[in-house]
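Read the structure below first, then the notes.
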Amino acid sequence: MHADDTNYTVIKNGIVVVSGTGPAIRVDGNRLVIRDGPEETPPLRLTRAEASRKLRHIIVCGQAGGFVTFDALRWLRDTRVAFSQLDWNGAVVIASGTRGPDQPDLRRAQALVCSGVIPKAADAIACEILRIKLCGQAEVAELLGFPDACAAIGGLAETIAREIDGKRALSIEAEAAWIYWNLWERMPVRFARRNPQRLGPNGRWRPGRPDLWLTFGSRTSLLSGKPSRATTPGNALLNYLYAILESEMTVALLARGLDPGIGMFHADIDGRSSLALDAIEAVRPFVEYWLLAYLEASVFANRDFHELPDGEVRLSHPLNSHLAHTAALWRKACEPVAEWLARSFDRTSGLGQVRAALVPSAVLRSQAEREDRITQMIPTLTPPLPTFIATTRGRRVSAASVLRQRAGVRDEPVPATCWECGRALTPERRAFCSDDCAENYRWATGKRRPVVEPATRASRDRHRQATLAGQRAVEMLPPPDRHALRRWYKDELQPRLSRMSPSEIASGSAMGRSYAYYIVAGTRVPHPRHYPNLAALVGVQLPGKLAAALCSPNGS
């Protein structure tokens with residue numbers, strides 16, 4: 001994408017991304033005013049009613065100055081609009097939303113489960129989250145074209161389903177991750193053909209790009225030994241999408257009255273939303289499913305990625321701004337997980353009463369026997385987590401359209417880009433931003449369209465004019481005559497056409513062979529403008545009214 005491919009103050013699927021230099025979010029006359037981008041960009045002004053109906057989340061990308069006032073934060077809270085800020089490296093600086101019902105007993109149950117006071121409850125919840133994660137990764141592996149890896153990861157998911165130890169489940173998940181991410185290493189990351197500039201380590205625009213940028217690469221960074229601090233564009237894209245997912249999960253947990261900082265199998269670190277990181281493990285394959293389709297259908301510009309002096313790769317503006325709009329896709333996946341966690345914490349909190357009921361009155365039972373009884377009851381108290389990726393059975397599906405339908409969004413979050421220069425495309429364009437880019441790309445790749453001879457062009461024009469004349473002639477007939485023509489076709493033409501081959505019908509009536517198959521099978525009735533050619537093909541005379549209409553001056 002280019003620097004002018006901006007979406008300043010544009011509401012898309014209920015999300016506004018603020019990413020310019022010196023943005024401002026304030027309240028003026030009881031209206032929310034969002035200013036972003038150059039001075040000539042008009043600000044976005046919303047009343048409370050408009051924000052309640054159209055706006056759901058404001059995402060700030062980067063730390064390029066700017067401010068948000070106390071009145072604006074209070075205004076957002078009253079209108080139930082979430083507010084998040086992401087750093088340039090994808091880290092979540094702040095994520096806040098409207099808190100749900102204040103239930104101290106639910107937060108107390110969460111603390112008891114996550115701290116291990118209730119035995120094996122956290123392990124049961126963690127095993128279910130990891131099982132769903134591996135089931136999703138198995139589906140993505142099948143879409144990548146590796147059925148053996150899909151079977152292996154699916155087998156590990158079944159092993160986790162029978163596991164009751166959380167540490168053992170994490171080791172199984174690590175084994176599946178080694179198989180899964182090896183499949184991604186050779187995934188191509190395509191760049192636009194005429195794409196001369198990128199921001200180098202010295203902060204200057206320079207031509208070319210490293211060869212390592214052309215594939216997804218290893219999930220383990222050369223700088224950190226972990227997925228953080230990505231050194232390839234593919235991993236930088238995935239890390240940034242995970243950060244957006246984390247912010248959405250934090251908002252969903254707050255809406256359910258949970259504490260995002262008290263987690264189960266992510267270590268407690270100052271400023272980390274451990275429970276949000278635990279919960280997004282179940283939704284990560286959902287993000288990877290979308291990224292797979294995005295990489296297959298998109299090209300990038302060199303300037304979409306910024307290489308730091310130490311080799312770390314980060315996303316540049318405006319690509320990070322466009323990707324922030326994918327938060328609308330992850331919302332419908334985060335809310336069921338937050339609901340499931342709240343229900344699981346609430347159910348497992350009743351184990352204290354179960355423990356009291358198991359205290360023997362006449363026969364003394366050992367502490368180990370009582371704890372074993374409680375451990376056996378935990379799987380029944382943690383319901384199964386819903387699956388987010390439907391089984392595809394090896395079919396290549398349009399992941400982007402499927403995710404949009406499931407998320408209930410109307411607009412495409414990230415626009416397509418030009419294959420020649422990498423510029424964002426308008427909805428009317430599909431592959432190139434201009435005719436010049438299309439011509440240059442075809443010349444360079446040897447896919448230039450053949451030159452149409454004048455005689456061929458004239459023949460096509462005559463055929464097009466005859467088709468339009470036939471349509472006008474049929475439209476001028478009254479409805480009873482049209483119904484009579486349809487009955488004539490079914491009684492006279494279709495029985496004779498069913499005995500012919502589709503290739504004969506296609507060549508003799510100037511229609512496609514696939515459409516001729518439907519005519520032979522009798523599943524479709526062609527337009528009456530085709531009747532003269534079909535009648536001549538089988539040797540049947542046209543009805544008088546149709547022949548007169550086609551030969552009339554208005555239909556000639």
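A note on labels: chains of the structure tokens are A, B, ... as shown, every chain counts residues from 1, and ligands are counted from 1 in their shown order.
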Please provide as a tab-separated table (two decimals) with C-alpha atoms, in the first residue's frame all residues within 10 Å of Arg331 (chain A), with the sequence filter that same-chain residues fewer than 3 positions apart are discarded (counting only C-alpha atoms).
chain	number	residue	atom	x	y	z
A	245	LEU	CA	-7.28	-10.35	18.87
A	247	SER	CA	-7.54	-6.40	22.64
A	248	GLU	CA	-10.89	-7.77	21.46
A	249	MET	CA	-10.69	-10.64	23.95
A	251	VAL	CA	-13.00	-6.17	25.90
A	252	ALA	CA	-15.11	-9.36	25.79
A	326	THR	CA	-10.12	-6.98	11.30
A	327	ALA	CA	-11.19	-6.55	14.94
A	328	ALA	CA	-14.75	-6.79	13.64
A	334	CYS	CA	-14.13	-13.77	21.36
A	335	GLU	CA	-17.58	-13.31	22.88
A	336	PRO	CA	-18.47	-17.06	23.01
A	407	ALA	CA	-18.74	-12.38	11.87
A	408	GLY	CA	-21.76	-10.61	10.41
**Asked** Residues of region 154-314 of chain A in alpha helix (DSSP H) according to DSSP, as number ranges by chain?
**Response** A: 154-161, 166-182, 233-255, 274-280, 284-297
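With distances restricted to only C-alpha atoms, A:Trp88 is the closest residue to Leu237 (chain A) from A:Gln110, A:Trp88, A:Thr348, A:Glu175.
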**Request:** Write out as a PyMOL selection string the residues lying within 12 Å of Arg423 (chain A), counting only C-alpha atoms and excluding same-chain residues fewer than 3 positions away.
**Result:** chain A and resi 1-6+191-195+298-304+318-319+415-420+426+429-434+437
**Message:** Given only C-alpha atoms as the basis, pick out the residue of A:Trp443, A:Gly544, A:Arg347, A:Gly155 nearest to Asp481 (chain A).
**Reply:**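 Distance minimum relative to Asp481 (chain A) lands on A:Gly544.
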**Request:** Could you give me, as a list in words, the residues within 10 Å of Pro38 (chain A), counting only C-alpha atoms and dropping anything in the same chain fewer than 2 positions from it?
**Result:** Tyr8, Gly20, Thr21, Gly22, Pro23, Arg35, Asp36, Glu40, Thr41 and Pro42 of chain A
Selected residues written out with N, CA and C atoms, as a PDB file, in the first residue's frame:
ATOM      1  N   TYR A   8      -8.741   7.617   7.096  1.00  0.00           N
ATOM      2  CA  TYR A   8      -8.892   8.504   8.241  1.00  0.00           C
ATOM      3  C   TYR A   8     -10.368   8.711   8.562  1.00  0.00           C
ATOM      4  N   GLY A  20      -3.086   8.606  12.514  1.00  0.00           N
ATOM      5  CA  GLY A  20      -2.322   9.684  11.927  1.00  0.00           C
ATOM      6  C   GLY A  20      -1.349  10.318  12.907  1.00  0.00           C
ATOM      7  N   THR A  21      -0.739  11.410  12.505  1.00  0.00           N
ATOM      8  CA  THR A  21       0.188  12.143  13.357  1.00  0.00           C
ATOM      9  C   THR A  21      -0.583  13.191  14.139  1.00  0.00           C
ATOM     10  N   GLY A  22      -0.465  13.140  15.466  1.00  0.00           N
ATOM     11  CA  GLY A  22      -1.154  14.097  16.309  1.00  0.00           C
ATOM     12  C   GLY A  22      -2.652  13.977  16.301  1.00  0.00           C
ATOM     13  N   PRO A  23      -3.236  12.790  16.487  1.00  0.00           N
ATOM     14  CA  PRO A  23      -4.691  12.669  16.493  1.00  0.00           C
ATOM     15  C   PRO A  23      -5.278  13.268  17.772  1.00  0.00           C
ATOM     16  N   ARG A  35     -10.283  13.710  15.281  1.00  0.00           N
ATOM     17  CA  ARG A  35      -9.477  14.320  14.228  1.00  0.00           C
ATOM     18  C   ARG A  35      -8.259  13.435  13.988  1.00  0.00           C
ATOM     19  N   ASP A  36      -7.996  13.151  12.728  1.00  0.00           N
ATOM     20  CA  ASP A  36      -6.902  12.256  12.362  1.00  0.00           C
ATOM     21  C   ASP A  36      -6.427  12.626  10.966  1.00  0.00           C
ATOM     22  N   GLU A  40      -6.206  19.088   6.291  1.00  0.00           N
ATOM     23  CA  GLU A  40      -7.333  19.208   5.362  1.00  0.00           C
ATOM     24  C   GLU A  40      -8.342  18.076   5.505  1.00  0.00           C
ATOM     25  N   THR A  41      -8.019  17.036   6.295  1.00  0.00           N
ATOM     26  CA  THR A  41      -8.959  15.942   6.491  1.00  0.00           C
ATOM     27  C   THR A  41     -10.059  16.387   7.444  1.00  0.00           C
ATOM     28  N   PRO A  42     -11.316  16.331   7.057  1.00  0.00           N
ATOM     29  CA  PRO A  42     -12.394  16.763   7.962  1.00  0.00           C
ATOM     30  C   PRO A  42     -12.521  15.815   9.139  1.00  0.00           C
TER      31      PRO A  42
END
**Message:** When DSSP is applied to the backbone of this structure, which of region 43-266 of chain A are assigned strand (DSSP E or B)? Write them out as a VMD selection string.
**Reply:** chain A and resid 44 to 46 57 to 61 67 to 68 82 to 86 92 to 96 188 191 197 to 199 205 to 207 215
